[in-house]
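Novice: Dropping in upload.txt, which is compact mmCIF, N, CA and C atoms:
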# COMPACT_ATOMS: atom_id res chain seq x y z
N MET A 1 37.62 -19.21 -17.82
CA MET A 1 36.67 -19.22 -16.72
C MET A 1 35.68 -18.07 -16.91
N THR A 2 34.41 -18.35 -16.67
CA THR A 2 33.39 -17.32 -16.82
C THR A 2 33.36 -16.43 -15.57
N ASN A 3 32.88 -15.23 -15.78
CA ASN A 3 32.77 -14.30 -14.65
C ASN A 3 31.69 -14.77 -13.69
N PRO A 4 31.88 -14.55 -12.40
CA PRO A 4 30.83 -14.88 -11.43
C PRO A 4 29.55 -14.12 -11.76
N LYS A 5 28.43 -14.70 -11.34
CA LYS A 5 27.12 -14.08 -11.61
C LYS A 5 26.42 -13.80 -10.29
N ILE A 6 25.93 -12.58 -10.19
CA ILE A 6 25.21 -12.14 -8.99
C ILE A 6 23.82 -11.67 -9.41
N ALA A 7 22.82 -12.11 -8.67
CA ALA A 7 21.44 -11.68 -8.92
C ALA A 7 21.02 -10.70 -7.83
N VAL A 8 20.33 -9.65 -8.24
CA VAL A 8 19.77 -8.67 -7.31
C VAL A 8 18.26 -8.69 -7.50
N PHE A 9 17.56 -9.03 -6.44
CA PHE A 9 16.10 -9.09 -6.49
C PHE A 9 15.52 -8.02 -5.58
N HIS A 10 14.65 -7.21 -6.15
CA HIS A 10 13.98 -6.13 -5.43
C HIS A 10 12.52 -6.50 -5.26
N GLY A 11 12.01 -6.39 -4.06
CA GLY A 11 10.63 -6.77 -3.76
C GLY A 11 9.61 -5.68 -4.06
N PRO A 12 8.41 -5.86 -3.51
CA PRO A 12 7.27 -5.02 -3.85
C PRO A 12 7.46 -3.54 -3.49
N ASN A 13 6.93 -2.73 -4.36
CA ASN A 13 6.87 -1.27 -4.23
C ASN A 13 8.20 -0.57 -4.44
N LEU A 14 9.27 -1.31 -4.62
CA LEU A 14 10.56 -0.66 -4.85
C LEU A 14 10.62 -0.03 -6.23
N ASN A 15 9.72 -0.41 -7.12
CA ASN A 15 9.60 0.26 -8.41
C ASN A 15 9.16 1.72 -8.25
N LEU A 16 8.67 2.08 -7.09
CA LEU A 16 8.21 3.44 -6.81
C LEU A 16 9.28 4.33 -6.19
N LEU A 17 10.49 3.78 -6.01
CA LEU A 17 11.55 4.57 -5.39
C LEU A 17 11.77 5.87 -6.17
N GLY A 18 12.11 6.89 -5.42
CA GLY A 18 12.29 8.22 -6.01
C GLY A 18 11.05 9.07 -5.79
N ASN A 19 9.89 8.43 -5.76
CA ASN A 19 8.62 9.12 -5.50
C ASN A 19 7.99 8.68 -4.20
N ARG A 20 8.24 7.46 -3.80
CA ARG A 20 7.61 6.87 -2.62
C ARG A 20 8.33 7.32 -1.35
N GLU A 21 7.66 8.05 -0.52
CA GLU A 21 8.17 8.47 0.78
C GLU A 21 9.67 8.79 0.75
N PRO A 22 10.05 9.84 0.02
CA PRO A 22 11.47 10.15 -0.10
C PRO A 22 12.16 10.44 1.24
N ALA A 23 11.40 10.87 2.23
CA ALA A 23 12.00 11.10 3.55
C ALA A 23 12.47 9.79 4.19
N VAL A 24 11.85 8.69 3.80
CA VAL A 24 12.21 7.37 4.34
C VAL A 24 13.17 6.65 3.40
N TYR A 25 12.86 6.67 2.10
CA TYR A 25 13.58 5.84 1.13
C TYR A 25 14.56 6.62 0.25
N GLY A 26 14.58 7.93 0.36
CA GLY A 26 15.48 8.73 -0.46
C GLY A 26 14.88 9.07 -1.81
N SER A 27 15.62 9.80 -2.61
CA SER A 27 15.13 10.25 -3.91
C SER A 27 15.73 9.46 -5.07
N THR A 28 16.60 8.50 -4.78
CA THR A 28 17.21 7.69 -5.82
C THR A 28 16.19 6.69 -6.35
N THR A 29 16.07 6.59 -7.66
CA THR A 29 15.12 5.66 -8.25
C THR A 29 15.70 4.25 -8.33
N LEU A 30 14.85 3.28 -8.54
CA LEU A 30 15.32 1.90 -8.72
C LEU A 30 16.18 1.80 -9.96
N GLU A 31 15.81 2.51 -11.01
CA GLU A 31 16.63 2.53 -12.22
C GLU A 31 18.03 3.05 -11.93
N ASP A 32 18.13 4.09 -11.11
CA ASP A 32 19.44 4.63 -10.71
C ASP A 32 20.25 3.60 -9.92
N ILE A 33 19.59 2.92 -8.99
CA ILE A 33 20.27 1.89 -8.19
C ILE A 33 20.81 0.79 -9.10
N ASN A 34 19.95 0.31 -10.00
CA ASN A 34 20.37 -0.77 -10.89
C ASN A 34 21.51 -0.34 -11.80
N LYS A 35 21.46 0.89 -12.29
CA LYS A 35 22.53 1.39 -13.16
C LYS A 35 23.85 1.43 -12.40
N ARG A 36 23.81 1.92 -11.16
CA ARG A 36 25.03 1.95 -10.34
C ARG A 36 25.58 0.55 -10.14
N LEU A 37 24.69 -0.40 -9.88
CA LEU A 37 25.12 -1.78 -9.66
C LEU A 37 25.73 -2.39 -10.92
N VAL A 38 25.13 -2.13 -12.06
CA VAL A 38 25.67 -2.64 -13.33
C VAL A 38 27.04 -2.04 -13.60
N ASP A 39 27.18 -0.75 -13.37
CA ASP A 39 28.49 -0.09 -13.55
C ASP A 39 29.53 -0.68 -12.59
N GLN A 40 29.15 -0.84 -11.35
CA GLN A 40 30.06 -1.39 -10.34
C GLN A 40 30.43 -2.83 -10.70
N ALA A 41 29.47 -3.61 -11.12
CA ALA A 41 29.73 -5.01 -11.50
C ALA A 41 30.72 -5.07 -12.67
N GLY A 42 30.58 -4.16 -13.61
CA GLY A 42 31.51 -4.10 -14.73
C GLY A 42 32.93 -3.85 -14.26
N ARG A 43 33.09 -2.93 -13.32
CA ARG A 43 34.42 -2.63 -12.77
C ARG A 43 34.99 -3.82 -12.00
N LEU A 44 34.09 -4.63 -11.42
CA LEU A 44 34.52 -5.77 -10.61
C LEU A 44 34.60 -7.07 -11.42
N SER A 45 34.31 -6.98 -12.71
CA SER A 45 34.35 -8.14 -13.61
C SER A 45 33.41 -9.27 -13.18
N VAL A 46 32.20 -8.88 -12.81
CA VAL A 46 31.17 -9.87 -12.52
C VAL A 46 29.93 -9.57 -13.36
N GLU A 47 29.19 -10.62 -13.64
CA GLU A 47 27.92 -10.46 -14.34
C GLU A 47 26.85 -10.20 -13.30
N ILE A 48 25.91 -9.33 -13.62
CA ILE A 48 24.84 -9.01 -12.67
C ILE A 48 23.51 -8.96 -13.40
N VAL A 49 22.49 -9.43 -12.73
CA VAL A 49 21.13 -9.31 -13.24
C VAL A 49 20.30 -8.68 -12.12
N CYS A 50 19.55 -7.63 -12.46
CA CYS A 50 18.71 -6.92 -11.48
C CYS A 50 17.26 -7.07 -11.90
N ARG A 51 16.43 -7.51 -10.97
CA ARG A 51 15.00 -7.69 -11.26
C ARG A 51 14.17 -7.19 -10.09
N GLN A 52 13.00 -6.66 -10.42
CA GLN A 52 12.05 -6.20 -9.40
C GLN A 52 10.69 -6.77 -9.71
N SER A 53 9.99 -7.18 -8.66
CA SER A 53 8.62 -7.63 -8.84
C SER A 53 7.80 -7.31 -7.61
N ASN A 54 6.53 -7.02 -7.86
CA ASN A 54 5.57 -6.87 -6.78
C ASN A 54 4.91 -8.20 -6.45
N SER A 55 5.26 -9.24 -7.20
CA SER A 55 4.64 -10.56 -7.07
C SER A 55 5.55 -11.52 -6.30
N GLU A 56 5.04 -12.03 -5.22
CA GLU A 56 5.79 -13.00 -4.43
C GLU A 56 6.12 -14.23 -5.27
N SER A 57 5.16 -14.72 -6.03
CA SER A 57 5.40 -15.93 -6.82
C SER A 57 6.46 -15.72 -7.90
N GLU A 58 6.50 -14.53 -8.48
CA GLU A 58 7.53 -14.25 -9.49
C GLU A 58 8.91 -14.22 -8.84
N LEU A 59 9.03 -13.60 -7.69
CA LEU A 59 10.31 -13.58 -6.97
C LEU A 59 10.75 -14.99 -6.61
N ILE A 60 9.83 -15.81 -6.15
CA ILE A 60 10.15 -17.20 -5.82
C ILE A 60 10.65 -17.93 -7.06
N GLY A 61 9.98 -17.74 -8.19
CA GLY A 61 10.41 -18.37 -9.44
C GLY A 61 11.81 -17.97 -9.83
N TRP A 62 12.11 -16.70 -9.73
CA TRP A 62 13.47 -16.22 -10.08
C TRP A 62 14.52 -16.85 -9.16
N ILE A 63 14.21 -16.92 -7.88
CA ILE A 63 15.15 -17.52 -6.93
C ILE A 63 15.35 -18.99 -7.27
N GLN A 64 14.28 -19.71 -7.51
CA GLN A 64 14.38 -21.13 -7.83
C GLN A 64 15.14 -21.39 -9.13
N GLN A 65 15.13 -20.44 -10.05
CA GLN A 65 15.80 -20.59 -11.34
C GLN A 65 17.21 -19.99 -11.33
N SER A 66 17.76 -19.77 -10.15
CA SER A 66 19.06 -19.10 -10.03
C SER A 66 20.22 -20.08 -9.91
N GLY A 67 20.12 -21.23 -10.52
CA GLY A 67 21.16 -22.25 -10.40
C GLY A 67 22.52 -21.82 -10.88
N ASP A 68 22.58 -20.89 -11.84
CA ASP A 68 23.88 -20.44 -12.37
C ASP A 68 24.39 -19.19 -11.64
N VAL A 69 23.74 -18.80 -10.56
CA VAL A 69 24.09 -17.60 -9.81
C VAL A 69 24.99 -17.98 -8.63
N ASN A 70 26.03 -17.19 -8.42
CA ASN A 70 26.97 -17.44 -7.32
C ASN A 70 26.56 -16.77 -6.01
N PHE A 71 25.73 -15.71 -6.12
CA PHE A 71 25.37 -14.94 -4.93
C PHE A 71 24.10 -14.16 -5.24
N ILE A 72 23.27 -13.97 -4.21
CA ILE A 72 22.03 -13.20 -4.34
C ILE A 72 22.08 -12.02 -3.38
N ILE A 73 21.67 -10.87 -3.87
CA ILE A 73 21.42 -9.70 -3.04
C ILE A 73 19.92 -9.46 -3.14
N ILE A 74 19.25 -9.43 -2.01
CA ILE A 74 17.79 -9.30 -2.05
C ILE A 74 17.30 -8.25 -1.06
N ASN A 75 16.40 -7.41 -1.56
CA ASN A 75 15.63 -6.53 -0.71
C ASN A 75 14.20 -7.05 -0.80
N PRO A 76 13.79 -7.88 0.15
CA PRO A 76 12.45 -8.45 0.08
C PRO A 76 11.34 -7.44 0.34
N ALA A 77 11.73 -6.23 0.76
CA ALA A 77 10.76 -5.16 1.04
C ALA A 77 9.71 -5.68 2.02
N ALA A 78 8.43 -5.44 1.77
CA ALA A 78 7.38 -5.84 2.70
C ALA A 78 7.33 -7.34 2.93
N TYR A 79 7.81 -8.14 1.96
CA TYR A 79 7.83 -9.59 2.14
C TYR A 79 8.80 -10.03 3.24
N THR A 80 9.68 -9.13 3.64
CA THR A 80 10.61 -9.41 4.74
C THR A 80 9.86 -9.90 5.96
N HIS A 81 8.71 -9.30 6.22
CA HIS A 81 7.97 -9.52 7.45
C HIS A 81 6.85 -10.54 7.31
N THR A 82 6.67 -11.08 6.08
CA THR A 82 5.50 -11.93 5.85
C THR A 82 5.76 -13.23 5.10
N SER A 83 6.87 -13.35 4.39
CA SER A 83 6.97 -14.44 3.42
C SER A 83 7.87 -15.60 3.85
N VAL A 84 7.22 -16.61 4.38
CA VAL A 84 7.92 -17.86 4.66
C VAL A 84 8.26 -18.53 3.33
N ALA A 85 7.43 -18.34 2.32
CA ALA A 85 7.67 -18.96 1.01
C ALA A 85 8.95 -18.45 0.36
N LEU A 86 9.21 -17.15 0.42
CA LEU A 86 10.47 -16.61 -0.11
C LEU A 86 11.66 -17.12 0.69
N ARG A 87 11.50 -17.18 1.99
CA ARG A 87 12.56 -17.72 2.85
C ARG A 87 12.88 -19.15 2.44
N ASP A 88 11.83 -19.96 2.25
CA ASP A 88 12.03 -21.36 1.87
C ASP A 88 12.73 -21.48 0.53
N ALA A 89 12.39 -20.60 -0.41
CA ALA A 89 13.04 -20.63 -1.74
C ALA A 89 14.52 -20.33 -1.61
N LEU A 90 14.87 -19.30 -0.84
CA LEU A 90 16.27 -18.96 -0.63
C LEU A 90 17.01 -20.09 0.07
N SER A 91 16.40 -20.65 1.06
CA SER A 91 17.02 -21.74 1.81
C SER A 91 17.22 -22.97 0.92
N ALA A 92 16.24 -23.26 0.08
CA ALA A 92 16.31 -24.45 -0.78
C ALA A 92 17.42 -24.36 -1.81
N THR A 93 17.71 -23.16 -2.30
CA THR A 93 18.74 -23.04 -3.34
C THR A 93 20.14 -23.21 -2.76
N GLY A 94 20.32 -22.83 -1.52
CA GLY A 94 21.65 -22.89 -0.91
C GLY A 94 22.60 -21.81 -1.41
N ILE A 95 22.10 -20.88 -2.21
CA ILE A 95 22.92 -19.78 -2.73
C ILE A 95 23.11 -18.76 -1.61
N PRO A 96 24.35 -18.38 -1.32
CA PRO A 96 24.55 -17.37 -0.28
C PRO A 96 23.89 -16.05 -0.67
N PHE A 97 23.38 -15.34 0.33
CA PHE A 97 22.71 -14.07 0.03
C PHE A 97 22.88 -13.07 1.16
N ILE A 98 22.71 -11.80 0.76
CA ILE A 98 22.67 -10.68 1.69
C ILE A 98 21.30 -10.03 1.58
N GLU A 99 20.72 -9.73 2.72
CA GLU A 99 19.45 -9.02 2.81
C GLU A 99 19.76 -7.52 2.93
N VAL A 100 19.15 -6.72 2.07
CA VAL A 100 19.39 -5.27 2.05
C VAL A 100 18.09 -4.53 2.27
N HIS A 101 18.16 -3.48 3.07
CA HIS A 101 17.02 -2.57 3.26
C HIS A 101 17.53 -1.14 3.19
N LEU A 102 16.82 -0.30 2.47
CA LEU A 102 17.20 1.10 2.32
C LEU A 102 17.08 1.86 3.63
N SER A 103 15.98 1.66 4.32
CA SER A 103 15.75 2.37 5.58
C SER A 103 16.21 1.51 6.75
N ASN A 104 16.37 2.15 7.90
CA ASN A 104 16.71 1.40 9.10
C ASN A 104 15.42 0.83 9.67
N VAL A 105 15.17 -0.42 9.36
CA VAL A 105 13.90 -1.04 9.75
C VAL A 105 13.74 -1.11 11.27
N HIS A 106 14.85 -1.06 12.01
CA HIS A 106 14.78 -1.14 13.47
C HIS A 106 14.39 0.19 14.11
N ALA A 107 14.40 1.26 13.33
CA ALA A 107 14.00 2.57 13.83
C ALA A 107 12.60 2.95 13.36
N ARG A 108 11.90 1.97 12.79
CA ARG A 108 10.56 2.23 12.24
C ARG A 108 9.51 1.47 13.05
N GLU A 109 8.39 1.18 12.44
CA GLU A 109 7.31 0.49 13.13
C GLU A 109 7.79 -0.86 13.66
N THR A 110 7.22 -1.27 14.77
CA THR A 110 7.63 -2.51 15.44
C THR A 110 7.53 -3.71 14.50
N PHE A 111 6.49 -3.80 13.68
CA PHE A 111 6.34 -4.98 12.82
C PHE A 111 7.46 -5.11 11.81
N ARG A 112 8.15 -4.00 11.49
CA ARG A 112 9.24 -4.05 10.51
C ARG A 112 10.54 -4.62 11.11
N ARG A 113 10.56 -4.83 12.38
CA ARG A 113 11.79 -5.32 13.03
C ARG A 113 11.97 -6.82 12.89
N HIS A 114 10.93 -7.52 12.48
CA HIS A 114 11.03 -8.97 12.31
C HIS A 114 11.28 -9.31 10.84
N SER A 115 12.29 -10.13 10.62
CA SER A 115 12.60 -10.59 9.26
C SER A 115 12.60 -12.11 9.23
N TYR A 116 11.97 -12.66 8.19
CA TYR A 116 12.01 -14.10 7.96
C TYR A 116 13.31 -14.53 7.28
N PHE A 117 14.20 -13.59 6.98
CA PHE A 117 15.40 -13.88 6.19
C PHE A 117 16.70 -13.71 6.96
N SER A 118 16.73 -12.82 7.92
CA SER A 118 17.98 -12.41 8.55
C SER A 118 18.78 -13.57 9.14
N ASP A 119 18.11 -14.54 9.72
CA ASP A 119 18.84 -15.62 10.37
C ASP A 119 19.47 -16.60 9.39
N ILE A 120 19.08 -16.56 8.12
CA ILE A 120 19.70 -17.45 7.13
C ILE A 120 20.56 -16.66 6.13
N ALA A 121 20.56 -15.34 6.25
CA ALA A 121 21.37 -14.49 5.37
C ALA A 121 22.82 -14.48 5.85
N MET A 122 23.76 -14.28 4.93
CA MET A 122 25.16 -14.11 5.33
C MET A 122 25.32 -12.81 6.11
N ALA A 123 24.54 -11.80 5.73
CA ALA A 123 24.60 -10.50 6.38
C ALA A 123 23.32 -9.75 6.08
N VAL A 124 23.09 -8.71 6.87
CA VAL A 124 21.96 -7.81 6.66
C VAL A 124 22.51 -6.39 6.65
N ILE A 125 22.15 -5.64 5.62
CA ILE A 125 22.55 -4.24 5.52
C ILE A 125 21.27 -3.42 5.56
N THR A 126 21.16 -2.56 6.54
CA THR A 126 19.93 -1.80 6.72
C THR A 126 20.24 -0.35 7.08
N GLY A 127 19.49 0.55 6.46
CA GLY A 127 19.59 1.96 6.83
C GLY A 127 20.65 2.76 6.11
N LEU A 128 21.31 2.19 5.11
CA LEU A 128 22.36 2.92 4.40
C LEU A 128 21.91 3.43 3.04
N GLY A 129 20.60 3.41 2.81
CA GLY A 129 20.08 3.89 1.54
C GLY A 129 20.59 3.05 0.38
N TYR A 130 20.64 3.66 -0.80
CA TYR A 130 21.05 2.93 -2.00
C TYR A 130 22.48 2.39 -1.89
N GLN A 131 23.31 3.03 -1.03
CA GLN A 131 24.70 2.59 -0.90
C GLN A 131 24.81 1.17 -0.33
N GLY A 132 23.79 0.75 0.41
CA GLY A 132 23.79 -0.60 0.96
C GLY A 132 23.93 -1.66 -0.11
N TYR A 133 23.31 -1.42 -1.27
CA TYR A 133 23.44 -2.38 -2.37
C TYR A 133 24.88 -2.47 -2.86
N GLY A 134 25.55 -1.34 -2.96
CA GLY A 134 26.94 -1.33 -3.40
C GLY A 134 27.84 -2.06 -2.43
N TYR A 135 27.62 -1.86 -1.12
CA TYR A 135 28.40 -2.57 -0.12
C TYR A 135 28.15 -4.08 -0.22
N ALA A 136 26.90 -4.45 -0.45
CA ALA A 136 26.56 -5.87 -0.60
C ALA A 136 27.27 -6.46 -1.82
N LEU A 137 27.29 -5.73 -2.91
CA LEU A 137 27.96 -6.22 -4.12
C LEU A 137 29.46 -6.37 -3.88
N ASP A 138 30.08 -5.40 -3.25
CA ASP A 138 31.51 -5.51 -2.93
C ASP A 138 31.79 -6.77 -2.11
N PHE A 139 30.97 -6.99 -1.09
CA PHE A 139 31.16 -8.17 -0.25
C PHE A 139 30.97 -9.45 -1.05
N ALA A 140 29.91 -9.49 -1.85
CA ALA A 140 29.62 -10.70 -2.64
C ALA A 140 30.81 -11.08 -3.51
N VAL A 141 31.39 -10.11 -4.17
CA VAL A 141 32.53 -10.38 -5.05
C VAL A 141 33.73 -10.88 -4.24
N LYS A 142 34.01 -10.26 -3.11
CA LYS A 142 35.11 -10.72 -2.25
C LYS A 142 34.85 -12.14 -1.76
N TYR A 143 33.62 -12.41 -1.40
CA TYR A 143 33.25 -13.75 -0.92
C TYR A 143 33.45 -14.79 -2.03
N ILE A 144 32.93 -14.50 -3.21
CA ILE A 144 33.07 -15.42 -4.34
C ILE A 144 34.55 -15.65 -4.66
N ASN A 145 35.32 -14.58 -4.71
CA ASN A 145 36.75 -14.71 -5.02
C ASN A 145 37.49 -15.51 -3.95
N SER A 146 37.08 -15.38 -2.70
CA SER A 146 37.75 -16.14 -1.63
C SER A 146 37.45 -17.62 -1.74
N LYS A 147 36.30 -17.97 -2.30
CA LYS A 147 35.93 -19.38 -2.49
C LYS A 147 36.72 -20.00 -3.62
N ASP A 148 37.17 -19.18 -4.56
CA ASP A 148 37.93 -19.66 -5.71
C ASP A 148 39.39 -19.89 -5.38
N ASN A 149 39.85 -19.37 -4.27
CA ASN A 149 41.28 -19.48 -3.91
C ASN A 149 41.54 -20.59 -2.92
Go through the file and emit its structure as structure tokens.
Specialist:
Amino acid sequence: MTNPKIAVFHGPNLNLLGNREPAVYGSTTLEDINKRLVDQAGRLSVEIVCRQSNSESELIGWIQQSGDVNFIIINPAAYTHTSVALRDALSATGIPFIEVHLSNVHARETFRRHSYFSDIAMAVITGLGYQGYGYALDFAVKYINSKDN
């Protein structure tokens, strides 16, 4: 049996982590987050692919091509509040997913409190910084393993 596969998609401007508003997003870089996830996935015996794009269409393409993926972890970033197209792509695949945000979006500007994804996500993790991704990965693996039993 092959190892389960989990995709992690990072939305726009997350490539700037570590330099971008560290008081809001912390000093951990996207490269650091991805490395932690790869290490954690190795310990959990799952395959993981981490991708970041500032392009909505590229993110949609990756989601649509995720047929061999068992679970998606996504931080849609600014697209959280604007992208019906990303929502539709996630909904169309039927792949379970968790929405992750580094900052507590509910403690920020009013427009950040609305998500086009939260109501179709298995869960939303917000405000736990880079650790939120690790919690999402732990859950994803437990969820996948529970489906196999």
Novice: Considering all atoms listed in the file, state which residue in the set A:Val49, A:Val38, A:Tyr116, A:Ser146 is at the smallest distance from A:Tyr79.
Specialist: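 For A:Tyr79, the nearest of the given residues is A:Tyr116.
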Novice: List as a list in words the protein and nucleic acid residues near stretch 56-60 of chain A, meaning an atom at most 8 Å away when only C-alpha atoms are counted, but skip any in the same chain fewer than 3 places from it.
Specialist: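 Result of the neighbour search: Phe9, Gly11, Gln52, Ser53, Ile63, Gln64, Tyr79, Ala85, Leu86 and Ala89 of chain A.
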Novice: Could you tell me how far atom C of A:Thr2 lies from atom N of A:Asn75, in Å and to one decimal?
Specialist: 23.8 Å
Novice: Fewer than 2 positions away in the same chain doesn't count, so skip those; otherwise give me all residues within 8 Å of A:Leu30, counting all atoms listed in the file, as a PyMOL selection string.
Specialist: chain A and resi 14-19+27-28+32-36
Novice: Taking only N, CA and C atoms into account, produce a table as a tab-separated table in which each residue of stretch 6-111 of chain A with an atom at most 6.5 Å from an atom of stretch 122-143 of chain A appears once, together with its shortest atom pair and the distance in Å to one decimal, ordered by chain and rising number.
Specialist:
residue	atom	partner	partner_atom	distance
A:Tyr25	C	A:Gly129	CA	6.3
A:Ile33	CA	A:Tyr130	CA	6.3
A:Phe71	CA	A:Ala140	CA	6.4
A:Pro96	C	A:Met122	N	5.9
A:Phe97	C	A:Met122	N	4.1
A:Ile98	CA	A:Ala123	C	4.5
A:Glu99	C	A:Ile125	N	4.1
A:Val100	CA	A:Ile125	C	4.4
A:His101	N	A:Ile125	C	4.0
A:Leu102	C	A:Gly129	N	3.9
A:Ser103	C	A:Gly127	CA	3.4
A:Asn104	N	A:Gly127	CA	3.4
A:Val105	N	A:Gly127	N	5.3
Novice: Identify all residues of stretch 13-54 of chain A in alpha helix (DSSP H) (DSSP on the backbone) and supply them as a PDB file with N, CA and C atoms, in the frame of the given file.
Specialist:
ATOM      1  N   PRO A  22      10.050   9.840   0.020  1.00  0.00           N
ATOM      2  CA  PRO A  22      11.470  10.150  -0.100  1.00  0.00           C
ATOM      3  C   PRO A  22      12.160  10.440   1.240  1.00  0.00           C
ATOM      4  N   ALA A  23      11.400  10.870   2.230  1.00  0.00           N
ATOM      5  CA  ALA A  23      12.000  11.100   3.550  1.00  0.00           C
ATOM      6  C   ALA A  23      12.470   9.790   4.190  1.00  0.00           C
ATOM      7  N   VAL A  24      11.850   8.690   3.800  1.00  0.00           N
ATOM      8  CA  VAL A  24      12.210   7.370   4.340  1.00  0.00           C
ATOM      9  C   VAL A  24      13.170   6.650   3.400  1.00  0.00           C
ATOM     10  N   TYR A  25      12.860   6.670   2.100  1.00  0.00           N
ATOM     11  CA  TYR A  25      13.580   5.840   1.130  1.00  0.00           C
ATOM     12  C   TYR A  25      14.560   6.620   0.250  1.00  0.00           C
ATOM     13  N   LEU A  30      14.850   3.280  -8.540  1.00  0.00           N
ATOM     14  CA  LEU A  30      15.320   1.900  -8.720  1.00  0.00           C
ATOM     15  C   LEU A  30      16.180   1.800  -9.960  1.00  0.00           C
ATOM     16  N   GLU A  31      15.810   2.510 -11.010  1.00  0.00           N
ATOM     17  CA  GLU A  31      16.630   2.530 -12.220  1.00  0.00           C
ATOM     18  C   GLU A  31      18.030   3.050 -11.930  1.00  0.00           C
ATOM     19  N   ASP A  32      18.130   4.090 -11.110  1.00  0.00           N
ATOM     20  CA  ASP A  32      19.440   4.630 -10.710  1.00  0.00           C
ATOM     21  C   ASP A  32      20.250   3.600  -9.920  1.00  0.00           C
ATOM     22  N   ILE A  33      19.590   2.920  -8.990  1.00  0.00           N
ATOM     23  CA  ILE A  33      20.270   1.890  -8.190  1.00  0.00           C
ATOM     24  C   ILE A  33      20.810   0.790  -9.100  1.00  0.00           C
ATOM     25  N   ASN A  34      19.950   0.310 -10.000  1.00  0.00           N
ATOM     26  CA  ASN A  34      20.370  -0.770 -10.890  1.00  0.00           C
ATOM     27  C   ASN A  34      21.510  -0.340 -11.800  1.00  0.00           C
ATOM     28  N   LYS A  35      21.460   0.890 -12.290  1.00  0.00           N
ATOM     29  CA  LYS A  35      22.530   1.390 -13.160  1.00  0.00           C
ATOM     30  C   LYS A  35      23.850   1.430 -12.400  1.00  0.00           C
ATOM     31  N   ARG A  36      23.810   1.920 -11.160  1.00  0.00           N
ATOM     32  CA  ARG A  36      25.030   1.950 -10.340  1.00  0.00           C
ATOM     33  C   ARG A  36      25.580   0.550 -10.140  1.00  0.00           C
ATOM     34  N   LEU A  37      24.690  -0.400  -9.880  1.00  0.00           N
ATOM     35  CA  LEU A  37      25.120  -1.780  -9.660  1.00  0.00           C
ATOM     36  C   LEU A  37      25.730  -2.390 -10.920  1.00  0.00           C
ATOM     37  N   VAL A  38      25.130  -2.130 -12.060  1.00  0.00           N
ATOM     38  CA  VAL A  38      25.670  -2.640 -13.330  1.00  0.00           C
ATOM     39  C   VAL A  38      27.040  -2.040 -13.600  1.00  0.00           C
ATOM     40  N   ASP A  39      27.180  -0.750 -13.370  1.00  0.00           N
ATOM     41  CA  ASP A  39      28.490  -0.090 -13.550  1.00  0.00           C
ATOM     42  C   ASP A  39      29.530  -0.680 -12.590  1.00  0.00           C
ATOM     43  N   GLN A  40      29.150  -0.840 -11.350  1.00  0.00           N
ATOM     44  CA  GLN A  40      30.060  -1.390 -10.340  1.00  0.00           C
ATOM     45  C   GLN A  40      30.430  -2.830 -10.700  1.00  0.00           C
ATOM     46  N   ALA A  41      29.470  -3.610 -11.120  1.00  0.00           N
ATOM     47  CA  ALA A  41      29.730  -5.010 -11.500  1.00  0.00           C
ATOM     48  C   ALA A  41      30.720  -5.070 -12.670  1.00  0.00           C
ATOM     49  N   GLY A  42      30.580  -4.160 -13.610  1.00  0.00           N
ATOM     50  CA  GLY A  42      31.510  -4.100 -14.730  1.00  0.00           C
ATOM     51  C   GLY A  42      32.930  -3.850 -14.260  1.00  0.00           C
ATOM     52  N   ARG A  43      33.090  -2.930 -13.320  1.00  0.00           N
ATOM     53  CA  ARG A  43      34.420  -2.630 -12.770  1.00  0.00           C
ATOM     54  C   ARG A  43      34.990  -3.820 -12.000  1.00  0.00           C
TER      55      ARG A  43
END
Novice: For A:Pro4, which of A:Gln40, A:Ser55, A:Ser45, A:Cys50 is the closest residue, counting all atoms listed in the file?
Specialist: A:Ser45
Novice: Could you tell me how far atom C of A:Leu37 sits from atom CA of A:Val8, in Å to one decimal place?
Specialist: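 Distance between the two atoms: 9.4 Å.
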Novice: One decimal, Å: what's the distance from atom C of A:His10 over to atom N of A:Asn145, could you say?
Specialist: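 Separating atom C of A:His10 from atom N of A:Asn145 is a distance of 24.2 Å.
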Novice: Output, as JSON, the centre and edge lengths in Å (one decimal) of the axis-aligned box that contains all listed atoms of stretch 122-138 of chain A with 6 Å of margin on each side.
Specialist:
{"center_x": 25.6, "center_y": -5.2, "center_z": 1.5, "size_x": 24.3, "size_y": 30.2, "size_z": 23.2}
Novice: From the list A:Ile95, A:Ile144, A:Ile72, A:Val84, which residue is nearest A:Ile48 when using only C-alpha atoms?
Specialist: A:Ile72
Novice: Could you pull out all residues of stretch 49-127 of chain A with a DSSP call of strand (DSSP E or B) and give them as a VMD selection string?
Specialist: chain A and resid 49 to 52 71 to 75 97 to 101 123 to 126
